[in-house]
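Coordinates as given in upload34.csv (CSV, C-alpha atoms and all ligand atoms):
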chain,number,residue,atom,x,y,z
W,1,MET,CA,-18.0,19.0,17.0
W,2,ARG,CA,-15.9,19.0,13.8
W,3,ILE,CA,-12.8,21.2,14.0
W,4,ILE,CA,-9.9,22.0,11.8
W,5,LEU,CA,-7.2,23.4,14.0
W,6,PHE,CA,-5.1,25.7,11.9
W,7,GLY,CA,-1.9,27.7,12.6
W,8,ALA,CA,1.9,27.8,12.3
W,9,PRO,CA,4.2,25.2,13.8
W,10,GLY,CA,4.5,26.0,17.5
W,11,VAL,CA,1.3,27.8,18.1
W,12,GLY,CA,0.0,25.1,20.4
W,13,LYS,CA,-2.2,23.1,18.1
W,14,GLY,CA,-1.2,19.7,19.5
W,15,THR,CA,-1.7,20.7,23.1
W,16,GLN,CA,-5.1,22.4,22.4
W,17,ALA,CA,-6.3,19.6,20.2
W,18,ALA,CA,-5.6,17.0,22.9
W,19,LEU,CA,-7.5,19.0,25.4
W,20,LEU,CA,-10.5,19.5,23.0
W,21,ALA,CA,-10.5,15.8,22.2
W,22,GLN,CA,-10.8,15.0,25.9
W,23,ARG,CA,-13.4,17.6,26.6
W,24,PHE,CA,-15.7,16.7,23.7
W,25,GLY,CA,-14.9,12.9,23.6
W,26,ILE,CA,-13.8,12.9,20.0
W,27,PRO,CA,-10.7,11.7,18.2
W,28,HIS,CA,-7.6,14.0,17.8
W,29,ILE,CA,-6.3,13.4,14.3
W,30,SER,CA,-2.7,14.6,14.1
W,31,THR,CA,-1.0,13.8,10.9
W,32,GLY,CA,2.4,14.7,12.5
W,33,ASP,CA,1.7,12.2,15.3
W,34,MET,CA,0.7,9.5,12.8
W,35,LEU,CA,3.8,10.1,10.7
W,36,ARG,CA,6.1,10.0,13.8
W,37,ALA,CA,4.4,6.7,14.9
W,38,ALA,CA,4.9,5.3,11.5
W,39,MET,CA,8.6,6.3,11.5
W,40,GLN,CA,9.0,4.6,14.9
W,41,SER,CA,7.5,1.4,13.8
W,42,GLY,CA,9.5,1.4,10.6
W,43,SER,CA,6.5,0.9,8.4
W,44,GLU,CA,6.5,1.7,4.7
W,45,LEU,CA,4.6,5.0,5.5
W,46,GLY,CA,7.3,5.8,8.0
W,47,ARG,CA,10.1,5.1,5.5
W,48,LYS,CA,8.4,7.4,3.0
W,49,ALA,CA,7.8,10.2,5.5
W,50,LYS,CA,11.2,10.2,7.2
W,51,GLU,CA,13.3,12.5,5.0
W,52,TYR,CA,10.5,15.1,4.8
W,53,VAL,CA,9.7,15.1,8.5
W,54,GLU,CA,13.4,15.2,9.5
W,55,SER,CA,14.2,18.2,7.2
W,56,GLY,CA,11.0,20.1,8.1
W,57,GLY,CA,9.6,19.7,4.6
W,58,LEU,CA,6.1,18.5,3.7
W,59,VAL,CA,5.3,14.9,3.1
W,60,PRO,CA,3.7,14.5,-0.4
W,61,ASP,CA,0.0,15.4,-0.5
W,62,GLU,CA,-1.2,12.0,-1.8
W,63,VAL,CA,0.4,10.3,1.2
W,64,VAL,CA,-1.2,12.4,3.9
W,65,ILE,CA,-4.5,12.7,2.1
W,66,GLY,CA,-4.8,8.9,2.0
W,67,ILE,CA,-4.2,8.5,5.8
W,68,VAL,CA,-6.6,11.3,6.7
W,69,ARG,CA,-9.3,9.8,4.4
W,70,ASP,CA,-9.1,6.4,6.1
W,71,VAL,CA,-9.4,7.9,9.6
W,72,LEU,CA,-12.3,10.2,8.7
W,73,ALA,CA,-14.2,7.2,7.1
W,74,SER,CA,-13.8,5.2,10.3
W,75,ASP,CA,-16.7,4.9,12.9
W,76,ALA,CA,-14.6,6.7,15.5
W,77,CYS,CA,-15.1,9.9,13.6
W,78,ARG,CA,-18.9,9.6,13.3
W,79,SER,CA,-19.7,12.1,16.0
W,80,GLY,CA,-16.8,14.5,15.4
W,81,PHE,CA,-13.1,15.0,15.2
W,82,ILE,CA,-10.3,17.5,15.6
W,83,LEU,CA,-7.9,17.8,12.7
W,84,ASP,CA,-4.4,19.0,13.8
W,85,GLY,CA,-1.8,19.8,11.2
W,86,PHE,CA,-3.9,18.9,8.2
W,87,PRO,CA,-4.6,20.4,5.7
W,88,ARG,CA,-1.2,22.1,5.1
W,89,THR,CA,-1.6,22.9,1.4
W,90,THR,CA,-4.4,24.1,-0.7
W,91,ALA,CA,-4.4,20.8,-2.6
W,92,GLN,CA,-4.9,19.0,0.8
W,93,ALA,CA,-7.7,21.4,1.6
W,94,GLU,CA,-9.4,20.8,-1.8
W,95,ALA,CA,-9.1,17.0,-1.3
W,96,LEU,CA,-10.5,17.3,2.2
W,97,HIS,CA,-13.5,19.1,0.9
W,98,ARG,CA,-14.1,16.3,-1.6
W,99,ILE,CA,-13.7,13.8,1.3
W,100,PHE,CA,-16.3,15.7,3.4
W,101,ALA,CA,-18.7,15.7,0.5
W,102,GLU,CA,-18.2,12.0,-0.2
W,103,LEU,CA,-18.7,11.1,3.5
W,104,LYS,CA,-21.5,13.6,4.0
W,105,ILE,CA,-19.6,15.4,6.7
W,106,ASN,CA,-21.1,18.9,7.5
W,107,ASP,CA,-20.8,21.5,10.2
W,108,VAL,CA,-17.0,21.8,10.0
W,109,GLN,CA,-15.4,24.9,11.5
W,110,VAL,CA,-11.8,26.2,11.3
W,111,VAL,CA,-10.1,27.5,14.5
W,112,SER,CA,-7.1,29.6,13.5
W,113,LEU,CA,-4.6,30.0,16.3
W,114,ASP,CA,-2.4,33.1,16.0
W,115,VAL,CA,1.0,33.6,17.8
W,116,ALA,CA,3.7,36.1,17.0
W,117,GLU,CA,6.7,34.6,15.2
W,118,ASP,CA,9.4,35.3,17.9
W,119,GLU,CA,7.2,33.5,20.5
W,120,ILE,CA,6.8,30.6,18.1
W,121,VAL,CA,10.5,30.1,17.8
W,122,ARG,CA,10.9,30.4,21.5
W,123,ARG,CA,8.3,27.7,22.1
W,124,LEU,CA,9.7,25.3,19.5
W,125,LEU,CA,13.2,25.6,20.9
W,126,LEU,CA,11.8,24.8,24.4
W,127,ARG,CA,9.9,21.8,23.1
W,128,GLY,CA,13.0,20.2,21.8
W,129,ARG,CA,11.5,17.6,19.5
W,130,ALA,CA,14.0,15.9,17.0
W,131,ASP,CA,12.8,18.2,14.2
W,132,ASP,CA,13.0,21.3,16.5
W,133,THR,CA,16.6,22.4,15.6
W,134,GLU,CA,17.0,26.1,14.7
W,135,GLN,CA,17.5,25.2,11.0
W,136,THR,CA,14.5,23.0,10.6
W,137,ILE,CA,12.3,25.5,12.6
W,138,ARG,CA,13.3,28.2,10.1
W,139,HIS,CA,12.5,25.9,7.3
W,140,ARG,CA,9.1,24.8,8.7
W,141,LEU,CA,8.1,28.5,9.2
W,142,GLN,CA,9.0,29.2,5.6
W,143,VAL,CA,7.0,26.2,4.4
W,144,TYR,CA,4.1,27.4,6.6
W,145,ALA,CA,4.3,30.9,5.0
W,146,ASP,CA,4.6,29.6,1.4
W,147,ALA,CA,2.3,26.5,1.4
W,148,THR,CA,0.1,26.5,4.5
W,149,ALA,CA,-0.9,30.2,5.2
W,150,PRO,CA,-2.8,30.4,1.9
W,151,VAL,CA,-5.1,27.5,3.1
W,152,LYS,CA,-6.9,30.1,5.3
W,153,ALA,CA,-8.0,32.0,2.2
W,154,PHE,CA,-9.4,28.8,0.8
W,155,TYR,CA,-11.7,28.4,3.7
W,156,ALA,CA,-12.9,32.0,3.8
W,157,GLY,CA,-16.6,32.0,2.8
W,158,LYS,CA,-16.8,28.2,2.8
W,159,VAL,CA,-16.8,27.3,6.5
W,160,PRO,CA,-16.8,29.5,9.6
W,161,VAL,CA,-13.2,30.5,10.5
W,162,ARG,CA,-12.7,31.4,14.2
W,163,GLU,CA,-9.7,33.5,14.9
W,164,VAL,CA,-8.3,32.8,18.3
W,165,PRO,CA,-5.2,34.5,19.9
W,166,GLY,CA,-2.7,31.9,20.9
W,167,MET,CA,-1.0,33.9,23.6
W,168,GLY,CA,-1.5,33.2,27.4
W,169,THR,CA,-1.8,30.1,29.4
W,170,VAL,CA,-2.9,26.7,28.0
W,171,GLU,CA,-6.1,27.1,30.0
W,172,ASP,CA,-6.8,30.6,28.7
W,173,ILE,CA,-6.4,29.5,25.1
W,174,GLN,CA,-8.6,26.5,25.7
W,175,GLN,CA,-11.4,28.6,27.1
W,176,ARG,CA,-11.1,31.0,24.1
W,177,ILE,CA,-11.4,28.1,21.7
W,178,VAL,CA,-14.3,26.5,23.5
W,179,ALA,CA,-16.1,29.9,23.5
W,180,ALA,CA,-15.4,30.4,19.8
W,181,VAL,CA,-16.8,27.0,18.7
W,182,ALA,CA,-19.8,26.9,21.0
W,201,LIG,P1,3.6,18.5,13.2
W,201,LIG,O1,3.6,17.4,14.2
W,201,LIG,O2,2.2,18.8,12.8
W,201,LIG,O3,4.4,19.7,13.4
W,201,LIG,O4,4.2,17.8,11.9
W,201,LIG,C1,5.6,17.4,11.8
W,201,LIG,C2,6.0,17.1,10.4
W,201,LIG,O5,5.2,16.1,9.8
W,201,LIG,C3,5.9,18.3,9.5
W,201,LIG,O6,7.0,19.1,9.6
W,201,LIG,C4,5.8,17.5,8.1
W,201,LIG,O7,7.1,17.1,7.7
W,201,LIG,C5,5.0,16.3,8.4
W,201,LIG,N1,3.5,16.6,8.3
W,201,LIG,C6,2.6,16.6,9.2
W,201,LIG,N2,1.4,16.9,8.7
W,201,LIG,C7,1.5,17.1,7.4
W,201,LIG,C8,0.7,17.4,6.3
W,201,LIG,N3,-0.6,17.7,6.5
W,201,LIG,N4,1.2,17.5,5.1
W,201,LIG,C9,2.5,17.3,4.9
W,201,LIG,N5,3.4,17.0,5.8
W,201,LIG,C10,2.9,16.9,7.1

Would you give me this structure, written as structure tokens?
Amino acid sequence: MRIILFGAPGVGKGTQAALLAQRFGIPHISTGDMLRAAMQSGSELGRKAKEYVESGGLVPDEVVIGIVRDVLASDACRSGFILDGFPRTTAQAEALHRIFAELKINDVQVVSLDVAEDEIVRRLLLRGRADDTEQTIRHRLQVYADATAPVKAFYAGKVPVREVPGMGTVEDIQQRIVAAVA
């Protein structure tokens, strides 16, 4: 199972990706989690990422592309993976396509989670992560609209794109995703 989980901040990608990873026994690759871990550990990657993550901007493409490439090339991803929060720009999607070709990775599908914007803001404010203030939420939603939403058009016609409504309980949404990727 090779899934790119796509959608705006706050649609539930992280929650759903973790459940899918458990269900299918494959790695959950979250660039956001990796960047936060790097910031915690104070590594060079963490120092590079800090200002972008804290303001709700995007970490430069070459930085995130490099970390995703390394993970995908590892043995852990041999039988599948779930990408959560990557790609977030068309340049990242193009780079990912080259990485798939190079590593001979096929059968990738996109699951696009869709949630209304007022519900997204409500969920993010409830979550209360350090970058979940009203100002950064607004900025992240704008960045999503400008830079990330166009990634869906990049995938149209290249790989199957499964549209999944992201409203309802965590279990309902998980069932919908499982049915969509079967
Ligand atoms: P997330 O946990 O997916 O909401 O990501 C949190 C933050 O990490 C984002 O607001 C960005 O600053 C950064 N980030 C995560 N993934 C990416 C990516 N693919 N490209 C650029 N920045 C990213």

Students should find that CA of Val143 in chain W and CA of Phe6 in chain W are spaced 14.2 Å

Output as a Markdown table one row per residue of range 78-176 of chain W within 10 Å of range 59-74 of chain W: the closest atom pair and its distance in Å to one decimal place, counting all atoms listed in the file, sorted by chain and residue number ascending.
| residue | atom | partner | partner_atom | distance |
| --- | --- | --- | --- | --- |
| W:Arg78 | CA | W:Ser74 | CA | 7.4 |
| W:Gly80 | CA | W:Leu72 | CA | 9.1 |
| W:Phe81 | CA | W:Leu72 | CA | 8.1 |
| W:Leu83 | CA | W:Val68 | CA | 8.9 |
| W:Phe86 | CA | W:Val68 | CA | 8.2 |
| W:Pro87 | CA | W:Ile65 | CA | 8.5 |
| W:Arg88 | CA | W:Asp61 | CA | 8.8 |
| W:Thr89 | CA | W:Asp61 | CA | 7.9 |
| W:Thr90 | CA | W:Asp61 | CA | 9.8 |
| W:Ala91 | CA | W:Asp61 | CA | 7.3 |
| W:Gln92 | CA | W:Asp61 | CA | 6.2 |
| W:Ala93 | CA | W:Ile65 | CA | 9.3 |
| W:Ala95 | CA | W:Ile65 | CA | 7.2 |
| W:Leu96 | CA | W:Ile65 | CA | 7.6 |
| W:Ile99 | CA | W:Arg69 | CA | 6.7 |
| W:Phe100 | CA | W:Leu72 | CA | 8.6 |
| W:Glu102 | CA | W:Ala73 | CA | 9.6 |
| W:Leu103 | CA | W:Ala73 | CA | 7.0 |
| W:Ile105 | CA | W:Leu72 | CA | 9.2 |

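Minimum distance to ligand LIG 201 (chain W) across W:Ile82, W:Ile173, W:Ile137, W:Leu125 (counting only C-alpha atoms and all ligand atoms) occurs at W:Ile137.
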
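Using all atoms listed in the file, the shortest contact distance between ligand LIG 201 (chain W) and any of W:Ser30, W:Gln174, W:Ser41, W:Thr15 is found at W:Ser30.
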
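From CA of Leu20 in chain W back to CA of Val170 in chain W, the distance works out to 11.6 Å.
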
* Selected residue of minimal separation from ligand LIG 201 (chain W) among W:Arg36, W:Arg23, W:His28, W:Arg122, counting all atoms listed in the file ->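 The answer is W:Arg36, which sits nearest to ligand LIG 201 (chain W).
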
re CA of Val108 in chain W and CA of Ile3 in chain W: distance 5.8 Å

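The shortest atom-to-atom distance to Ala145 in chain W, with all atoms listed in the file taken into account, belongs to W:Glu117 out of W:His97, W:Ser43, W:Asn106, W:Glu117.
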
If you count all atoms listed in the file, the residue of W:Ser79, W:Gln109, W:Ser55, W:Gln40 closest to Gly25 in chain W turns out to be W:Ser79

For the interface of range 107-146 of chain W with range 47-53 of chain W (cut-off 10 Å, counting only C-alpha atoms), please tabulate each contacting residue of range 107-146 of chain W alongside its nearest pair of atoms and their separation in Å to one decimal, rows sorted by chain and increasing number, as a Markdown table.
| residue | atom | partner | partner_atom | distance |
| --- | --- | --- | --- | --- |
| W:Ala130 | CA | W:Val53 | CA | 9.6 |
| W:Asp131 | CA | W:Val53 | CA | 7.2 |
| W:Thr136 | CA | W:Val53 | CA | 9.5 |
| W:Arg140 | CA | W:Val53 | CA | 9.7 |

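Counting all atoms listed in the file, the residue from W:Asp172, W:Asp75, W:Asp146, W:Asp132 that sits nearest to ligand LIG 201 (chain W) is W:Asp132.
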
Taking only C-alpha atoms into account, produce a table as JSON lines in which each residue of range 94-163 of chain W with an atom at most 7 Å from an atom of range 7-14 of chain W appears once, together with its shortest atom pair and the distance in Å to one decimal, ordered by chain and rising number.
{"residue": "W:Ser112", "atom": "CA", "partner": "W:Gly7", "partner_atom": "CA", "distance": 5.6}
{"residue": "W:Leu113", "atom": "CA", "partner": "W:Gly7", "partner_atom": "CA", "distance": 5.1}
{"residue": "W:Asp114", "atom": "CA", "partner": "W:Gly7", "partner_atom": "CA", "distance": 6.4}
{"residue": "W:Val115", "atom": "CA", "partner": "W:Val11", "partner_atom": "CA", "distance": 5.8}
{"residue": "W:Ile120", "atom": "CA", "partner": "W:Gly10", "partner_atom": "CA", "distance": 5.2}
{"residue": "W:Arg123", "atom": "CA", "partner": "W:Gly10", "partner_atom": "CA", "distance": 6.2}
{"residue": "W:Leu124", "atom": "CA", "partner": "W:Gly10", "partner_atom": "CA", "distance": 5.6}
{"residue": "W:Leu141", "atom": "CA", "partner": "W:Pro9", "partner_atom": "CA", "distance": 6.9}
{"residue": "W:Tyr144", "atom": "CA", "partner": "W:Ala8", "partner_atom": "CA", "distance": 6.1}
